[in-house]
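Q: Contents are PDB, C-alpha atoms; file name entry_8.pdb:
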```pdb
ATOM      1  CA  MET A   1      90.830  39.704  56.009
ATOM      2  CA  SER A   2      88.295  37.033  56.751
ATOM      3  CA  ASP A   3      87.691  38.469  60.180
ATOM      4  CA  ASN A   4      87.053  41.853  58.641
ATOM      5  CA  ASN A   5      84.462  40.339  56.271
ATOM      6  CA  LYS A   6      82.639  38.846  59.183
ATOM      7  CA  ASN A   7      82.466  42.207  60.839
ATOM      8  CA  ILE A   8      81.016  43.892  57.710
ATOM      9  CA  LYS A   9      77.286  44.434  58.118
ATOM     10  CA  SER A  10      74.879  43.775  55.335
ATOM     11  CA  LEU A  11      72.632  46.459  53.869
ATOM     12  CA  ASP A  12      69.610  44.975  55.587
ATOM     13  CA  GLU A  13      71.286  45.060  58.955
ATOM     14  CA  ILE A  14      72.344  48.686  58.450
ATOM     15  CA  VAL A  15      68.784  49.663  57.397
ATOM     16  CA  PHE A  16      67.102  47.858  60.310
ATOM     17  CA  GLU A  17      69.779  48.729  62.927
ATOM     18  CA  ASN A  18      68.295  50.048  66.136
ATOM     19  CA  ARG A  19      64.789  49.420  64.768
ATOM     20  CA  ASN A  20      62.031  47.017  65.669
ATOM     21  CA  LYS A  21      63.054  43.885  63.776
ATOM     22  CA  GLU A  22      60.166  41.909  65.194
ATOM     23  CA  TYR A  23      57.692  43.944  63.181
ATOM     24  CA  GLY A  24      58.025  41.520  60.225
ATOM     25  CA  ALA A  25      59.609  43.498  57.443
ATOM     26  CA  TYR A  26      63.083  42.463  58.504
ATOM     27  CA  GLN A  27      62.166  38.788  58.419
ATOM     28  CA  LEU A  28      60.626  39.193  54.923
ATOM     29  CA  ARG A  29      63.805  40.851  53.653
ATOM     30  CA  MET A  30      65.950  38.095  55.105
ATOM     31  CA  THR A  31      63.849  35.227  53.664
ATOM     32  CA  GLU A  32      63.110  36.868  50.296
ATOM     33  CA  LYS A  33      65.661  34.826  48.322
ATOM     34  CA  GLN A  34      64.450  31.525  49.727
ATOM     35  CA  THR A  35      60.828  32.435  49.030
ATOM     36  CA  LEU A  36      61.600  33.411  45.416
ATOM     37  CA  LEU A  37      63.548  30.181  44.923
ATOM     38  CA  ARG A  38      60.700  28.041  46.244
ATOM     39  CA  ALA A  39      58.178  29.931  44.063
ATOM     40  CA  LEU A  40      60.389  29.413  41.019
ATOM     41  CA  LEU A  41      60.711  25.679  41.717
ATOM     42  CA  ARG A  42      56.957  25.291  42.244
ATOM     43  CA  GLY A  43      56.119  27.215  39.081
ATOM     44  CA  GLY A  44      58.592  25.182  37.058
ATOM     45  CA  PHE A  45      57.102  21.939  38.448
ATOM     46  CA  ILE A  46      53.581  23.016  37.488
ATOM     47  CA  VAL A  47      54.700  23.990  33.964
ATOM     48  CA  LEU A  48      56.473  20.611  33.660
ATOM     49  CA  LEU A  49      53.274  18.780  34.663
ATOM     50  CA  MET A  50      51.282  20.711  32.065
ATOM     51  CA  VAL A  51      53.794  19.908  29.344
ATOM     52  CA  ILE A  52      53.733  16.211  30.272
ATOM     53  CA  GLY A  53      49.890  16.190  30.258
ATOM     54  CA  VAL A  54      49.708  17.792  26.810
ATOM     55  CA  TRP A  55      52.280  15.358  25.461
ATOM     56  CA  LEU A  56      50.382  12.355  26.842
ATOM     57  CA  SER A  57      47.057  13.551  25.398
ATOM     58  CA  VAL A  58      48.602  14.120  21.968
ATOM     59  CA  SER A  59      50.232  10.695  22.013
ATOM     60  CA  ASP A  60      46.863   9.072  22.984
ATOM     61  CA  LEU A  61      45.109  10.772  20.080
ATOM     62  CA  ALA A  62      47.804   9.613  17.693
ATOM     63  CA  LYS A  63      47.395   6.057  18.932
ATOM     64  CA  GLY A  64      43.595   6.317  18.706
ATOM     65  CA  ASP A  65      43.775   7.170  14.977
ATOM     66  CA  LYS A  66      45.558   3.917  14.343
ATOM     67  CA  ASN A  67      42.874   1.807  16.046
ATOM     68  CA  GLU A  68      40.618  -0.153  13.735
ATOM     69  CA  ASP A  69      36.857   0.384  13.779
ATOM     70  CA  VAL A  70      35.001  -2.179  15.832
ATOM     71  CA  SER A  71      31.680  -3.335  14.388
ATOM     72  CA  VAL A  72      28.968  -5.090  16.350
ATOM     73  CA  ASP A  73      26.522  -7.392  14.605
ATOM     74  CA  VAL A  74      22.961  -7.173  15.855
ATOM     75  CA  GLU A  75      20.470  -9.839  14.910
ATOM     76  CA  LEU A  76      17.007  -8.538  14.112
ATOM     77  CA  SER A  77      15.525 -11.556  15.791
ATOM     78  CA  GLN A  78      16.553 -10.038  19.128
ATOM     79  CA  ILE A  79      14.225  -7.069  18.571
ATOM     80  CA  GLU A  80      10.561  -7.532  19.353
ATOM     81  CA  ILE A  81       8.457  -5.563  16.902
ATOM     82  CA  PRO A  82       5.041  -4.686  18.310
ATOM     83  CA  ASP A  83       2.033  -5.705  16.277
ATOM     84  CA  ILE A  84       0.487  -2.792  14.417
ATOM     85  CA  PRO A  85      -3.287  -3.023  14.486
ATOM     86  CA  GLU A  86      -4.791  -3.046  11.046
ATOM     87  CA  GLU A  87      -7.056  -0.178  10.223
ATOM     88  CA  GLU A  88     -10.605  -1.133   9.558
ATOM     89  CA  GLU A  89     -11.222  -0.794   5.890
ATOM     90  CA  PRO A  90     -14.516   0.781   4.902
ATOM     91  CA  GLU A  91     -16.954  -1.463   3.200
ATOM     92  CA  VAL A  92     -17.190  -0.856  -0.500
ATOM     93  CA  VAL A  93     -20.377  -2.019  -2.114
ATOM     94  CA  GLU A  94     -19.907  -2.518  -5.819
ATOM     95  CA  PRO A  95     -22.951  -1.760  -7.922
ATOM     96  CA  GLU A  96     -24.169  -4.651  -9.950
ATOM     97  CA  PRO A  97     -23.583  -4.162 -13.669
ATOM     98  CA  GLU A  98     -26.694  -2.924 -15.417
ATOM     99  CA  GLU A  99     -28.017  -5.033 -18.191
ATOM    100  CA  PRO A 100     -28.157  -3.207 -21.534
ATOM    101  CA  GLU A 101     -31.581  -2.200 -22.628
ATOM    102  CA  PRO A 102     -32.995  -4.280 -25.463
ATOM    103  CA  GLN A 103     -32.605  -2.540 -28.796
ATOM    104  CA  GLN A 104     -35.743  -1.504 -30.596
ATOM    105  CA  ASN A 105     -36.345  -1.952 -34.285
ATOM    106  CA  HIS A 106     -37.106   1.447 -35.876
ATOM    107  CA  TYR A 107     -38.616   2.155 -39.252
ATOM    108  CA  GLN A 108     -36.086   3.242 -41.897
ATOM    109  CA  GLU A 109     -37.161   4.218 -45.389
ATOM    110  CA  GLU A 110     -35.017   3.297 -48.333
ATOM    111  CA  THR A 111     -33.799   6.824 -49.105
ATOM    112  CA  ALA A 112     -30.602   8.122 -50.623
ATOM    113  CA  GLN A 113     -27.717   8.308 -48.145
ATOM    114  CA  GLU A 114     -24.347   9.987 -48.197
ATOM    115  CA  LYS A 115     -21.450   8.487 -46.276
ATOM    116  CA  PHE A 116     -20.294  10.914 -43.613
ATOM    117  CA  VAL A 117     -17.131   9.971 -41.700
ATOM    118  CA  MET A 118     -15.011  12.449 -39.761
ATOM    119  CA  PRO A 119     -11.269  11.965 -40.361
ATOM    120  CA  GLU A 120      -9.304  10.849 -37.305
ATOM    121  CA  PRO A 121      -5.893  12.415 -36.575
ATOM    122  CA  LYS A 122      -3.152   9.788 -36.548
ATOM    123  CA  PRO A 123       0.650   9.885 -36.036
ATOM    124  CA  GLU A 124       1.190   8.563 -39.549
ATOM    125  CA  PRO A 125      -1.734   9.910 -41.541
ATOM    126  CA  LYS A 126      -3.050   7.951 -44.477
ATOM    127  CA  VAL A 127      -5.453   8.952 -47.166
ATOM    128  CA  GLN A 128      -8.869   9.130 -45.526
ATOM    129  CA  GLU A 129     -12.333   9.926 -46.742
ATOM    130  CA  THR A 130     -13.190  13.577 -46.260
ATOM    131  CA  VAL A 131     -16.448  15.285 -45.418
ATOM    132  CA  PRO A 132     -18.571  15.493 -48.606
ATOM    133  CA  PRO A 133     -19.458  18.965 -49.872
ATOM    134  CA  ALA A 134     -22.811  20.471 -48.930
ATOM    135  CA  GLU A 135     -24.141  20.102 -52.507
ATOM    136  CA  ASP A 136     -23.847  16.315 -52.272
ATOM    137  CA  LEU A 137     -25.830  16.228 -49.012
ATOM    138  CA  LYS A 138     -29.040  17.769 -50.405
ATOM    139  CA  GLY A 139     -31.938  15.351 -50.253
ATOM    140  CA  LYS A 140     -29.844  12.635 -48.593
ATOM    141  CA  ASP A 141     -29.553  11.207 -45.099
ATOM    142  CA  LEU A 142     -26.241  11.173 -43.270
ATOM    143  CA  SER A 143     -25.029   7.647 -42.637
ATOM    144  CA  PHE A 144     -21.984   5.436 -42.339
ATOM    145  CA  GLU A 145     -22.658   3.883 -45.734
ATOM    146  CA  LYS A 146     -23.443   5.229 -49.181
ATOM    147  CA  ARG A 147     -26.704   4.174 -50.837
ATOM    148  CA  GLU A 148     -28.819   5.231 -53.774
ATOM    149  CA  GLY A 149     -32.530   5.793 -53.279
ATOM    150  CA  LYS A 150     -35.383   8.290 -53.359
ATOM    151  CA  GLU A 151     -34.921  11.777 -52.005
ATOM    152  CA  SER A 152     -35.288  12.097 -48.231
ATOM    153  CA  THR A 153     -38.211  14.111 -46.843
ATOM    154  CA  GLY A 154     -36.617  15.063 -43.565
ATOM    155  CA  GLN A 155     -35.816  11.641 -42.179
ATOM    156  CA  THR A 156     -32.595  11.520 -40.113
ATOM    157  CA  GLY A 157     -30.268   8.690 -39.337
ATOM    158  CA  GLY A 158     -29.799   6.325 -42.221
ATOM    159  CA  GLY A 159     -28.316   2.898 -41.673
ATOM    160  CA  PRO A 160     -29.835  -0.461 -42.592
ATOM    161  CA  VAL A 161     -33.216  -0.336 -44.253
ATOM    162  CA  ASN A 162     -36.195  -1.369 -42.137
ATOM    163  CA  LEU A 163     -39.442  -1.521 -44.023
ATOM    164  CA  ASN A 164     -41.622  -2.144 -40.981
ATOM    165  CA  PRO A 165     -44.228   0.641 -41.284
ATOM    166  CA  GLU A 166     -45.324   0.220 -37.680
ATOM    167  CA  ALA A 167     -41.918   1.320 -36.383
ATOM    168  CA  PRO A 168     -41.556   5.045 -35.467
ATOM    169  CA  LYS A 169     -40.133   7.359 -38.120
ATOM    170  CA  ASN A 170     -37.560  10.161 -37.954
ATOM    171  CA  THR A 171     -35.257   8.311 -35.600
ATOM    172  CA  THR A 172     -31.509   8.204 -35.360
ATOM    173  CA  GLN A 173     -29.618   5.485 -37.164
ATOM    174  CA  ALA A 174     -31.331   2.169 -36.651
ATOM    175  CA  PRO A 175     -29.522   0.149 -33.966
ATOM    176  CA  LYS A 176     -27.768  -2.942 -35.093
ATOM    177  CA  ASN A 177     -29.180  -6.198 -33.776
ATOM    178  CA  ASP A 178     -26.418  -8.662 -33.178
ATOM    179  CA  SER A 179     -27.361 -12.173 -34.028
ATOM    180  CA  ASP A 180     -27.058 -14.890 -31.437
ATOM    181  CA  ASN A 181     -24.232 -16.449 -33.440
ATOM    182  CA  ASN A 182     -22.005 -13.397 -32.852
ATOM    183  CA  LYS A 183     -22.608 -13.226 -29.111
ATOM    184  CA  PRO A 184     -20.010 -14.911 -26.901
ATOM    185  CA  ALA A 185     -21.293 -18.004 -25.154
ATOM    186  CA  ALA A 186     -22.163 -17.537 -21.508
ATOM    187  CA  PRO A 187     -19.648 -19.067 -19.087
ATOM    188  CA  ALA A 188     -20.508 -22.532 -17.877
ATOM    189  CA  THR A 189     -21.452 -23.145 -14.241
ATOM    190  CA  VAL A 190     -19.486 -25.970 -12.619
ATOM    191  CA  THR A 191     -19.056 -27.525  -9.207
ATOM    192  CA  ALA A 192     -15.912 -28.650  -7.435
ATOM    193  CA  ARG A 193     -16.534 -32.134  -8.810
ATOM    194  CA  SER A 194     -17.406 -31.238 -12.428
ATOM    195  CA  ALA A 195     -14.769 -28.536 -12.936
ATOM    196  CA  LYS A 196     -11.800 -29.525 -15.048
ATOM    197  CA  ILE A 197      -9.547 -27.197 -13.034
ATOM    198  CA  MET A 198     -10.585 -26.128  -9.532
ATOM    199  CA  ALA A 199     -10.594 -22.481  -8.478
ATOM    200  CA  VAL A 200      -7.494 -21.505  -6.484
ATOM    201  CA  TYR A 201      -7.908 -19.428  -3.318
ATOM    202  CA  PRO A 202      -5.098 -16.900  -2.572
ATOM    203  CA  GLY A 203      -2.348 -18.752  -0.714
ATOM    204  CA  CYS A 204      -3.400 -22.204  -1.988
ATOM    205  CA  GLU A 205      -1.208 -22.237  -5.097
ATOM    206  CA  LYS A 206       1.134 -24.952  -3.821
ATOM    207  CA  GLU A 207      -1.721 -27.162  -2.602
ATOM    208  CA  ALA A 208      -3.645 -26.695  -5.866
ATOM    209  CA  ALA A 209      -0.647 -28.007  -7.789
ATOM    210  CA  LYS A 210      -1.146 -31.359  -6.010
ATOM    211  CA  GLY A 211      -4.620 -31.878  -7.436
ATOM    212  CA  LYS A 212      -8.232 -30.756  -7.362
ATOM    213  CA  ASP A 213      -9.010 -32.362  -3.995
ATOM    214  CA  LYS A 214      -6.152 -30.499  -2.314
ATOM    215  CA  ALA A 215      -7.334 -27.230  -3.862
ATOM    216  CA  VAL A 216     -10.862 -27.785  -2.482
ATOM    217  CA  GLU A 217      -9.519 -28.666   0.968
ATOM    218  CA  CYS A 218      -7.215 -25.642   1.062
ATOM    219  CA  MET A 219      -9.974 -23.274  -0.072
ATOM    220  CA  SER A 220     -12.318 -24.545   2.653
ATOM    221  CA  LYS A 221      -9.680 -24.090   5.365
ATOM    222  CA  ARG A 222      -8.688 -20.625   4.207
ATOM    223  CA  LEU A 223     -12.291 -19.493   3.997
ATOM    224  CA  GLN A 224     -12.993 -20.894   7.468
ATOM    225  CA  ASN A 225     -10.021 -18.970   8.914
ATOM    226  CA  ASP A 226     -10.969 -15.716   7.177
ATOM    227  CA  LEU A 227     -14.589 -16.064   8.290
ATOM    228  CA  THR A 228     -13.466 -16.690  11.873
ATOM    229  CA  ASP A 229     -11.501 -13.420  11.819
ATOM    230  CA  GLU A 230     -14.359 -11.457  10.267
ATOM    231  CA  LEU A 231     -16.909 -12.920  12.725
ATOM    232  CA  SER A 232     -14.878 -12.036  15.829
ATOM    233  CA  ASP A 233     -17.557  -9.525  16.890
ATOM    234  CA  PHE A 234     -20.384 -12.065  16.616
ATOM    235  CA  ALA A 235     -19.651 -13.215  20.186
ATOM    236  CA  ASP A 236     -21.071  -9.911  21.477
ATOM    237  CA  ILE A 237     -24.263 -10.433  19.479
ATOM    238  CA  ALA A 238     -24.531 -14.041  20.702
ATOM    239  CA  GLU A 239     -24.020 -13.012  24.331
ATOM    240  CA  ARG A 240     -26.624 -10.281  23.984
ATOM    241  CA  ASP A 241     -29.196 -12.648  22.422
ATOM    242  CA  GLY A 242     -28.298 -15.613  24.622
ATOM    243  CA  ILE A 243     -26.913 -17.755  21.774
ATOM    244  CA  THR A 244     -24.524 -20.492  22.930
ATOM    245  CA  SER A 245     -24.095 -22.303  19.620
ATOM    246  CA  ALA A 246     -25.251 -21.821  16.038
ATOM    247  CA  VAL A 247     -24.769 -23.482  12.653
ATOM    248  CA  ALA A 248     -25.217 -21.889   9.230
ATOM    249  CA  LYS A 249     -24.335 -22.621   5.641
ATOM    250  CA  LEU A 250     -23.244 -20.248   2.876
ATOM    251  CA  ASN A 251     -24.003 -21.036  -0.755
ATOM    252  CA  PHE A 252     -22.214 -18.771  -3.208
ATOM    253  CA  GLN A 253     -20.565 -18.543  -6.608
ATOM    254  CA  ILE A 254     -17.057 -17.609  -7.692
ATOM    255  CA  ASP A 255     -17.410 -15.821 -11.035
ATOM    256  CA  THR A 256     -14.927 -15.671 -13.902
ATOM    257  CA  GLN A 257     -13.352 -12.545 -12.349
ATOM    258  CA  GLY A 258     -12.513 -14.392  -9.122
ATOM    259  CA  ARG A 259     -15.175 -12.607  -7.080
ATOM    260  CA  ILE A 260     -17.509 -14.219  -4.540
ATOM    261  CA  VAL A 261     -21.057 -13.369  -5.660
ATOM    262  CA  LYS A 262     -24.657 -14.479  -5.148
ATOM    263  CA  ILE A 263     -24.170 -15.373  -1.484
ATOM    264  CA  SER A 264     -27.159 -17.179  -0.008
ATOM    265  CA  PRO A 265     -27.113 -17.893   3.773
ATOM    266  CA  GLN A 266     -28.981 -20.808   5.321
ATOM    267  CA  GLY A 267     -29.421 -22.068   8.872
ATOM    268  CA  ASP A 268     -29.341 -19.853  11.966
ATOM    269  CA  ALA A 269     -31.237 -16.590  11.477
ATOM    270  CA  LYS A 270     -28.568 -14.575  13.303
ATOM    271  CA  LEU A 271     -25.356 -16.307  12.214
ATOM    272  CA  GLY A 272     -26.342 -16.685   8.549
ATOM    273  CA  PRO A 273     -26.728 -12.961   7.678
ATOM    274  CA  GLU A 274     -23.630 -12.055   9.695
ATOM    275  CA  ALA A 275     -21.617 -14.732   7.860
ATOM    276  CA  LYS A 276     -22.866 -13.359   4.526
ATOM    277  CA  LYS A 277     -21.646  -9.853   5.439
ATOM    278  CA  ALA A 278     -18.300 -11.298   6.535
ATOM    279  CA  LEU A 279     -17.889 -13.153   3.208
ATOM    280  CA  GLU A 280     -18.694  -9.944   1.305
ATOM    281  CA  ARG A 281     -15.999  -8.102   3.266
ATOM    282  CA  ILE A 282     -13.509 -10.855   2.459
ATOM    283  CA  THR A 283     -14.003 -10.607  -1.315
ATOM    284  CA  GLN A 284     -13.873  -6.780  -1.145
ATOM    285  CA  LYS A 285     -10.510  -6.915   0.639
ATOM    286  CA  GLN A 286      -9.211  -9.370  -1.952
ATOM    287  CA  GLN A 287     -10.157  -7.037  -4.783
ATOM    288  CA  ARG A 288      -8.497  -4.024  -3.110
ATOM    289  CA  ARG A 289      -5.310  -6.020  -2.575
ATOM    290  CA  ASN A 290      -5.478  -7.432  -6.126
ATOM    291  CA  LYS A 291      -5.414 -10.988  -4.721
ATOM    292  CA  THR A 292      -8.620 -12.456  -6.046
ATOM    293  CA  ILE A 293      -9.484 -16.112  -6.468
ATOM    294  CA  LYS A 294      -8.248 -17.742  -9.659
ATOM    295  CA  PRO A 295     -11.459 -18.882 -11.392
ATOM    296  CA  ALA A 296     -12.244 -22.491 -12.194
ATOM    297  CA  GLU A 297     -12.167 -23.858 -15.747
ATOM    298  CA  SER A 298     -14.709 -25.971 -17.583
ATOM    299  CA  GLU A 299     -14.002 -28.942 -19.831
ATOM    300  CA  ASP A 300     -13.459 -26.702 -22.869
ATOM    301  CA  GLY A 301     -10.708 -24.753 -21.029
ATOM    302  CA  ARG A 302     -12.695 -21.531 -20.580
ATOM    303  CA  PRO A 303     -13.110 -19.744 -17.198
ATOM    304  CA  ALA A 304     -16.266 -21.006 -15.530
ATOM    305  CA  VAL A 305     -18.561 -19.949 -12.670
ATOM    306  CA  LEU A 306     -17.970 -22.200  -9.663
ATOM    307  CA  GLN A 307     -20.863 -23.151  -7.392
ATOM    308  CA  PHE A 308     -19.512 -23.666  -3.849
ATOM    309  CA  ASN A 309     -20.753 -23.850  -0.259
ATOM    310  CA  ILE A 310     -19.149 -23.820   3.155
ATOM    311  CA  PRO A 311     -20.512 -24.545   6.674
ATOM    312  CA  VAL A 312     -20.186 -21.952   9.450
ATOM    313  CA  ARG A 313     -20.302 -23.000  13.089
ATOM    314  CA  PHE A 314     -20.282 -20.898  16.271
ATOM    315  CA  GLN A 315     -19.744 -22.212  19.792
ATOM    316  CA  MET A 316     -19.720 -19.966  22.855
ATOM    317  CA  GLN A 317     -16.680 -20.738  25.003
TER
END
```
Represent the structure from my file as structure tokens, please.

A:
Amino acid sequence: MSDNNKNIKSLDEIVFENRNKEYGAYQLRMTEKQTLLRALLRGGFIVLLMVIGVWLSVSDLAKGDKNEDVSVDVELSQIEIPDIPEEEEPEVVEPEPEEPEPQQNHYQEETAQEKFVMPEPKPEPKVQETVPPAEDLKGKDLSFEKREGKESTGQTGGGPVNLNPEAPKNTTQAPKNDSDNNKPAAPATVTARSAKIMAVYPGCEKEAAKGKDKAVECMSKRLQNDLTDELSDFADIAERDGITSAVAKLNFQIDTQGRIVKISPQGDAKLGPEAKKALERITQKQQRRNKTIKPAESEDGRPAVLQFNIPVRFQMQ
């Protein structure tokens, strides 16, 4: 039986019997099973690798979620911040306050007047005087006070009576002349030695607490430093005019508002005016930054005008 099985030909042998087996088709038919098996093993291996890769990536992500956040402290001192150049501020020239014109004394006849006050609206109104009727205004001047007298002949104004016949008539209400007793006393002018409390330059608060001498010393140093910065361009002028050294002096006042006023330069004809302009720029910058000088005080405790001076020296290096 086994011998008979050996003699049985396969289907491939019957199909390719007496044919050219070297052509290639016969070899493909004979090795087909082995080729399919190898392809199946290779495909399964590739699928297995893909499954393992996906599993590893998922497991790494799961582990990564459990990791704690790592923070790094950075000290700001390690960062170098570049200096930002300051913009040049335009010069602002403040107009000097105009002195009020002296009041003139006008002629006012002693005529009948009717008080005329317009009511003012208020959140909580009270009983106020109203405008008098037109009948009560006939032959009377409008004024802020009520007065009996002769009938008016066209005079306007009212107010205090002035019987000076040389004064012009038909004027508005006669201006009130304040007496000298009602005017506030002018601020006293002191020096660094006579002031009860010395003026305090911005940034000298701690030094001023140590005494008047320390406040004077600190103010001089601060002013010298600020003037040096403001006069940085004077070297070009000195080089152009052949100036190697110059000395000037600035006399000025610090008023009760903490402003540097009435600057008077002395000494070198070139350095003095330039130093005056620099000092004016300094006080303008202080006012814009709301860091003015704290004014000095006189013996009676009132703010006083301080008379001060400072030397200015220039040396070409």

Q: Could you give me, as a list in words, the residues within 10 Å of Lys270 in chain A, counting only C-alpha atoms and dropping anything in the same chain fewer than 4 positions from it?

A: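 Everything that qualifies: Phe234, Ile237, Ala238, Asp241, Ile243, Ala246, Val247, Ala248, Glu274 and Ala275 of chain A.
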
Q: Kindly provide, as a list of chain:residue names, the polymer residues lying within 9 Å of (-16.0, -20.3, -19.5), counting only C-alpha atoms and using the coordinates exactly as they appear in the file.

A: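 Residues close enough to count: A:Ala185, A:Ala186, A:Pro187, A:Ala188, A:Thr189, A:Thr256, A:Ala296, A:Glu297, A:Ser298, A:Glu299, A:Asp300, A:Gly301, A:Arg302, A:Pro303, A:Ala304, A:Val305.
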
Q: Using CA of Arg259 in chain A and CA of Gln284 in chain A as the two end points, give the distance in Å to one decimal.

A: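 Separating CA of Arg259 in chain A from CA of Gln284 in chain A is a distance of 8.4 Å.
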
Q: Quick check, in Å to one decimal: how far apart do CA of Leu37 in chain A and CA of Val54 in chain A lie?

A: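 Taking CA of Leu37 in chain A and CA of Val54 in chain A, their separation equals 25.9 Å.
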
Q: Quick one, how far is CA of Lys285 in chain A from CA of Leu271 in chain A?

A: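 So the answer is 21.0 Å.
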
Q: Report the residues retrieved by the PyMOL selection byres ((chain A and resi 202-215) around 10) from the displayed file, expressed as number ranges by chain.

A: A: 192-193, 195-201, 216-222, 286, 291-294

Q: Can you list what the PyMOL selection byres ((chain A and resi 230) around 9) grabs from this structure, as a ChimeraX atom specification?

A: /A:225-229,231-234,275,277-279,281-282

Q: Taking (-20.2, -23.3, -1.3) in the file's coordinates as the center, which residues reach within 9 Å of it, counting only C-alpha atoms, put as a compact mmCIF listing (two decimals) with C-alpha atoms, keeping the file's coordinate frame?

A:
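After the write, selection14.txt holds the following:
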```txt
# COMPACT_ATOMS: atom_id res chain seq x y z
CA SER A 220 -12.32 -24.54 2.65
CA LYS A 249 -24.34 -22.62 5.64
CA LEU A 250 -23.24 -20.25 2.88
CA ASN A 251 -24.00 -21.04 -0.76
CA PHE A 252 -22.21 -18.77 -3.21
CA GLN A 253 -20.56 -18.54 -6.61
CA ILE A 263 -24.17 -15.37 -1.48
CA LEU A 306 -17.97 -22.20 -9.66
CA GLN A 307 -20.86 -23.15 -7.39
CA PHE A 308 -19.51 -23.67 -3.85
CA ASN A 309 -20.75 -23.85 -0.26
CA ILE A 310 -19.15 -23.82 3.16
CA PRO A 311 -20.51 -24.54 6.67
```
